[in-house]
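Encoded as structure tokens, the structure appears first; notes follow it.
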Amino acid sequence: GGGGGGSSGGGGGGSGGVESNGGGGDRAAWASGLVAAVAHCGEVPSSAIQLATIGTLLTFATSPTFGLHGDALSATMRTLLHTSIAAATEMDQATAKTALVQLINTVFKRAEPSFSAARAAAVTSAAASAAAASPQTYAVPVSDALLLVIVLCKIAAKEVEGGGSMDVYMAHSKVLALDLLRQLLEGPSAVA
């Protein structure tokens, strides 16, 4: 283990948490609770449990029918980031980092149509772009991508004092967040 709250909230991004195909608010509340419970398991210092947590959270985040949003997405990202630093073994840390990169890539791929629509809207008339795309279609994927960037920026901006195991953890978190931001800026061809 290594200190630091892996699944502790924060990071903004609104509530809600899960988009599902049907089922209404009860299903979304149930699913958000499920995500929180699984994210909490990531704090258990057992390799088998951490690997199962990583796999489950990645499945939630990348599923086309069970999309995480807002606080649930932030908690998933923070848990994967925490696990990639404080996991029981180096292999588990590498697995968590790979899952974290997959999560970020998935969220940005979902937002790409929104980004493309925004670029097209800048070129075409306002009336044509308003008819082509509604805010409901694009708001969630773009806000998810923005949320991930904000969470990484907040982690990267935290002050690291000097000394103590928590400061070592914070320094590792900061380096990882900065590396992930670098990869985002460099695009799909970025070297991990």
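All residue names refer to the structure tokens as shown: chains lettered A, B, ... in order, residues numbered from 1 in each chain, ligands numbered from 1 in order.
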Inset, instruction - Enumerate the residues of stretch 31-153 of chain A with a DSSP assignment of helix (DSSP H, G or I), computed from the backbone, and present them as a VMD selection string. - result: chain A and resid 31 to 41 47 to 62 70 to 86 90 to 123 126 to 132 135 to 153
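Separating atom CA of A:Ile155 from atom CA of A:Ser114 is a distance of 26.0 Å.
With only C-alpha atoms as the basis for measurement, A:Asp144 is the residue among A:Asp179, A:Glu161, A:Asp144, A:Asp71 that approaches A:Arg110 most closely.
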Inset, instruction - Do a neighbour search on stretch 35-37 of chain A at 8 Å with only C-alpha atoms, toss out local chain neighbours closer than 3 positions, and write the hits as an MDAnalysis selection string. - result: chainID A and resid 7 31:32 40:41 57 60 72 75:76
Inset, instruction - Take atom CA of A:Phe115 and atom CA of A:Val142 and report the distance between them in Å, one decimal. - result: 7.6 Å
Legend entry - stretch 82-89 of chain A environment, 12 Å, only C-alpha atoms, sequence neighbours closer than 3 positions dropped, as a PyMOL selection string: chain A and resi 1-8+39-55+57+75-79+92-101+155+165-166+168-177
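Rounded to one decimal, atom CA of A:Leu147 and atom CA of A:Thr106 lie 13.4 Å from each other.
With only C-alpha atoms as the basis for measurement, A:Leu180 is the residue among A:Gly67, A:Leu180, A:Ala121, A:Val140 that approaches A:Leu81 most closely.
Distance annotation: of A:Thr59, A:Gln102, A:Leu148, A:Ala117, the residue with the minimal separation from A:Leu73 is A:Leu148; atom set is only C-alpha atoms.
Using only C-alpha atoms for every distance, the candidate list A:Lys109, A:Ser143, A:Ala156, A:Leu68 yields A:Leu68 as the residue closest to A:Gly33.
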